[in-house]
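S.K.: Below you'll find target24.pdb; it's PDB, C-alpha atoms, pLDDT in the B column.
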ATOM      1  CA  MET A   1      30.363  27.759   7.993  1.00 58.00           C
ATOM      2  CA  GLU A   2      32.552  25.183   6.339  1.00 61.00           C
ATOM      3  CA  THR A   3      31.302  22.651   3.820  1.00 64.00           C
ATOM      4  CA  THR A   4      33.100  19.557   2.750  1.00 67.00           C
ATOM      5  CA  SER A   5      32.344  17.537  -0.300  1.00 72.00           C
ATOM      6  CA  LYS A   6      32.372  13.855   0.445  1.00 69.00           C
ATOM      7  CA  PRO A   7      31.127  11.380  -2.113  1.00 67.00           C
ATOM      8  CA  ILE A   8      27.966   9.543  -1.143  1.00 63.00           C
ATOM      9  CA  THR A   9      27.760   5.892  -2.053  1.00 62.00           C
ATOM     10  CA  VAL A  10      24.333   4.303  -2.273  1.00 58.00           C
ATOM     11  CA  THR A  11      24.235   0.538  -2.039  1.00 57.00           C
ATOM     12  CA  SER A  12      21.349  -1.838  -2.074  1.00 54.00           C
ATOM     13  CA  ILE A  13      20.776  -3.900   1.048  1.00 55.00           C
ATOM     14  CA  GLU A  14      18.940  -6.663  -0.776  1.00 52.00           C
ATOM     15  CA  PRO A  15      19.439  -7.675  -4.370  1.00 50.00           C
ATOM     16  CA  ILE A  16      16.348  -7.124  -6.466  1.00 48.00           C
ATOM     17  CA  ALA A  17      14.949 -10.465  -7.502  1.00 47.00           C
ATOM     18  CA  PRO A  18      13.839 -10.789 -11.100  1.00 47.00           C
ATOM     19  CA  PHE A  19      10.072 -10.511 -11.461  1.00 45.00           C
ATOM     20  CA  LYS A  20       8.522 -13.710 -12.734  1.00 59.00           C
ATOM     21  CA  ARG A  21       6.142 -12.924 -15.561  1.00 65.00           C
ATOM     22  CA  HIS A  22       3.659 -15.285 -17.095  1.00 69.00           C
ATOM     23  CA  SER A  23       4.425 -16.687 -20.514  1.00 78.00           C
ATOM     24  CA  ARG A  24       2.591 -15.502 -23.593  1.00 80.00           C
ATOM     25  CA  ALA A  25       0.885 -18.886 -23.841  1.00 87.00           C
ATOM     26  CA  GLN A  26      -0.479 -18.561 -20.293  1.00 87.00           C
ATOM     27  CA  MET A  27      -1.715 -15.048 -20.973  1.00 88.00           C
ATOM     28  CA  ALA A  28      -3.320 -16.094 -24.269  1.00 91.00           C
ATOM     29  CA  PHE A  29      -5.007 -19.049 -22.585  1.00 93.00           C
ATOM     30  CA  ALA A  30      -6.282 -16.833 -19.739  1.00 91.00           C
ATOM     31  CA  PHE A  31      -7.589 -14.296 -22.261  1.00 93.00           C
ATOM     32  CA  GLY A  32      -9.334 -17.095 -24.181  1.00 94.00           C
ATOM     33  CA  VAL A  33     -10.960 -18.454 -21.012  1.00 93.00           C
ATOM     34  CA  ALA A  34     -12.153 -14.953 -20.107  1.00 92.00           C
ATOM     35  CA  ALA A  35     -13.515 -14.267 -23.606  1.00 94.00           C
ATOM     36  CA  VAL A  36     -15.406 -17.569 -23.788  1.00 94.00           C
ATOM     37  CA  SER A  37     -16.799 -17.003 -20.307  1.00 92.00           C
ATOM     38  CA  ASP A  38     -18.019 -13.502 -21.172  1.00 90.00           C
ATOM     39  CA  VAL A  39     -19.689 -14.732 -24.371  1.00 91.00           C
ATOM     40  CA  LEU A  40     -21.403 -17.563 -22.484  1.00 90.00           C
ATOM     41  CA  ALA A  41     -22.424 -15.136 -19.715  1.00 87.00           C
ATOM     42  CA  MET A  42     -24.418 -13.096 -22.228  1.00 85.00           C
ATOM     43  CA  ALA A  43     -26.325 -16.225 -23.177  1.00 85.00           C
ATOM     44  CA  THR A  44     -27.053 -17.193 -19.558  1.00 84.00           C
ATOM     45  CA  VAL A  45     -28.445 -13.844 -18.402  1.00 79.00           C
ATOM     46  CA  ILE A  46     -31.894 -15.365 -17.900  1.00 83.00           C
ATOM     47  CA  ALA A  47     -30.554 -18.219 -15.745  1.00 84.00           C
ATOM     48  CA  PRO A  48     -28.750 -16.791 -12.694  1.00 83.00           C
ATOM     49  CA  PRO A  49     -27.709 -20.194 -11.257  1.00 87.00           C
ATOM     50  CA  LEU A  50     -25.919 -20.980 -14.525  1.00 89.00           C
ATOM     51  CA  GLN A  51     -24.219 -17.595 -14.420  1.00 87.00           C
ATOM     52  CA  ILE A  52     -22.992 -18.183 -10.880  1.00 88.00           C
ATOM     53  CA  ALA A  53     -21.625 -21.616 -11.812  1.00 91.00           C
ATOM     54  CA  LEU A  54     -19.978 -20.192 -14.939  1.00 91.00           C
ATOM     55  CA  ASP A  55     -18.369 -17.339 -12.994  1.00 90.00           C
ATOM     56  CA  ALA A  56     -17.105 -19.692 -10.276  1.00 91.00           C
ATOM     57  CA  ALA A  57     -15.621 -22.009 -12.915  1.00 94.00           C
ATOM     58  CA  THR A  58     -14.040 -19.046 -14.708  1.00 92.00           C
ATOM     59  CA  ALA A  59     -12.531 -17.693 -11.491  1.00 91.00           C
ATOM     60  CA  LEU A  60     -11.145 -21.152 -10.659  1.00 92.00           C
ATOM     61  CA  ALA A  61      -9.685 -21.592 -14.152  1.00 93.00           C
ATOM     62  CA  LEU A  62      -8.069 -18.149 -14.099  1.00 91.00           C
ATOM     63  CA  PHE A  63      -6.774 -18.815 -10.582  1.00 91.00           C
ATOM     64  CA  LEU A  64      -5.131 -22.004 -11.824  1.00 91.00           C
ATOM     65  CA  VAL A  65      -3.636 -20.308 -14.896  1.00 90.00           C
ATOM     66  CA  LEU A  66      -2.585 -16.949 -13.423  1.00 87.00           C
ATOM     67  CA  GLY A  67      -1.986 -17.891  -9.801  1.00 83.00           C
ATOM     68  CA  ARG A  68      -3.093 -15.956  -6.747  1.00 80.00           C
ATOM     69  CA  ARG A  69      -4.136 -12.567  -8.078  1.00 80.00           C
ATOM     70  CA  TRP A  70      -6.227 -10.109  -6.100  1.00 81.00           C
ATOM     71  CA  ALA A  71      -7.672  -8.746  -9.354  1.00 81.00           C
ATOM     72  CA  LEU A  72      -9.698 -11.953  -9.726  1.00 86.00           C
ATOM     73  CA  LEU A  73     -11.721 -11.294  -6.565  1.00 86.00           C
ATOM     74  CA  PRO A  74     -13.269  -7.964  -7.666  1.00 87.00           C
ATOM     75  CA  GLY A  75     -14.033  -9.568 -11.027  1.00 86.00           C
ATOM     76  CA  LEU A  76     -15.939 -12.336  -9.293  1.00 85.00           C
ATOM     77  CA  ILE A  77     -17.808  -9.830  -7.116  1.00 88.00           C
ATOM     78  CA  VAL A  78     -18.775  -7.665 -10.106  1.00 87.00           C
ATOM     79  CA  GLU A  79     -19.965 -10.722 -12.023  1.00 84.00           C
ATOM     80  CA  ALA A  80     -22.220 -11.634  -9.053  1.00 82.00           C
ATOM     81  CA  ILE A  81     -24.167  -8.390  -9.511  1.00 83.00           C
ATOM     82  CA  PRO A  82     -27.309  -9.071 -11.553  1.00 77.00           C
ATOM     83  CA  GLY A  83     -27.171  -7.545 -15.017  1.00 75.00           C
ATOM     84  CA  MET A  84     -23.388  -7.173 -15.106  1.00 77.00           C
ATOM     85  CA  GLY A  85     -23.088 -10.267 -17.274  1.00 72.00           C
ATOM     86  CA  VAL A  86     -23.557  -8.132 -20.371  1.00 77.00           C
ATOM     87  CA  PHE A  87     -20.177  -6.438 -19.794  1.00 84.00           C
ATOM     88  CA  PRO A  88     -16.888  -8.215 -20.579  1.00 89.00           C
ATOM     89  CA  VAL A  89     -15.717  -8.142 -16.960  1.00 89.00           C
ATOM     90  CA  TRP A  90     -13.452 -11.218 -17.152  1.00 91.00           C
ATOM     91  CA  VAL A  91     -11.713  -9.913 -20.266  1.00 92.00           C
ATOM     92  CA  LEU A  92     -11.093  -6.599 -18.493  1.00 91.00           C
ATOM     93  CA  VAL A  93      -9.738  -8.416 -15.427  1.00 90.00           C
ATOM     94  CA  VAL A  94      -7.290 -10.437 -17.539  1.00 91.00           C
ATOM     95  CA  LEU A  95      -6.239  -7.325 -19.481  1.00 90.00           C
ATOM     96  CA  SER A  96      -5.574  -5.483 -16.226  1.00 88.00           C
ATOM     97  CA  ILE A  97      -3.424  -8.367 -14.982  1.00 86.00           C
ATOM     98  CA  ILE A  98      -1.503  -8.402 -18.262  1.00 83.00           C
ATOM     99  CA  MET A  99      -0.983  -4.621 -18.216  1.00 84.00           C
ATOM    100  CA  TYR A 100       0.019  -4.300 -14.574  1.00 80.00           C
ATOM    101  CA  ASP A 101       1.972  -7.548 -14.306  1.00 69.00           C
ATOM    102  CA  GLY A 102       5.362  -5.864 -14.436  1.00 61.00           C
ATOM    103  CA  ILE A 103       4.627  -3.150 -11.889  1.00 63.00           C
ATOM    104  CA  LYS A 104       6.169  -3.827  -8.504  1.00 60.00           C
ATOM    105  CA  LYS A 105       5.827  -2.048  -5.198  1.00 59.00           C
ATOM    106  CA  PRO A 106       8.852   0.039  -4.273  1.00 61.00           C
ATOM    107  CA  HIS A 107      11.286  -1.409  -1.765  1.00 60.00           C
ATOM    108  CA  LYS A 108      10.838  -0.156   1.791  1.00 63.00           C
ATOM    109  CA  ALA A 109      14.117   0.790   3.366  1.00 58.00           C
TER     110      ALA A 109
END
Now, as a test, write the supplied structure out as C-alpha cells.

M.R.:
Amino acid sequence: METTSKPITVTSIEPIAPFKRHSRAQMAFAFGVAAVSDVLAMATVIAPPLQIALDAATALALFLVLGRRWALLPGLIVEAIPGMGVFPVWVLVVLSIIMYDGIKKPHKA
C-alpha cells in the first residue's frame, strides 16, 4: 500500500458577499417602536379591537424599518392571542432580530 502526499487546495466557488446589517439608528428606532407598542398594549388589554389595530400598525412599522423578517410573523401571531398583551413580545422580537442579524446559513456546495 503506497501513500502519496499531495497538497489539497480548497477554493471558494462563489465569493462571500458582505452581510448587510441595519444601522444602529434603525435598530434603536425599531426597539423604540416595539417598546412603545408593548406599553400601549398593556393599556388596551380591555379593548381587543384596539389591540389588533395596534399590533397590525406595529408589525407594519417594524416591517418598514427592518425589512422582510420572518421573526415579525410569529410576533404578530403571539400578539393575537388574548392575554399575551401583558408580555413584551415586540421588544423580544426586535431583540431576537438584533441578536441573530449576523448569523448566516452555511453555503451549500

S.K.: How would you write, as a PyMOL selection string, the residues chosen by the PyMOL selection byres ((chain A and resi 40-56) around 8) on this structure?

M.R.: chain A and resi 36-39+57-60+76+79-80+82-83+85-86

S.K.: To one decimal place in Å, what is the distance between atom CA of Met27 of chain A and atom CA of Met84 of chain A?

M.R.: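 Value for the atom CA of Met27 of chain A-atom CA of Met84 of chain A distance: 23.8 Å.
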
S.K.: Name the closest residue to Ala28 of chain A among the candidates A:Leu62, A:Arg69, A:Val89, A:Ile77; distances are taken between atoms, counting only C-alpha atoms.

M.R.: A:Leu62

S.K.: Using the chain letters and residue numbers of this document, give as a PyMOL selection string the residues selected by the PyMOL selection byres ((chain A and resi 71) around 12).

M.R.: chain A and resi 59+62-63+66-70+72-78+89-101

S.K.: I'd like the neighbourhood of Val65 of chain A as JSON, numbers by chain, where a residue qualifies if any of its atoms comes within 8 Å (using only C-alpha atoms), though same-chain residues fewer than 3 positions away should be ignored.

M.R.: {"A": [26, 29, 30, 61, 62]}
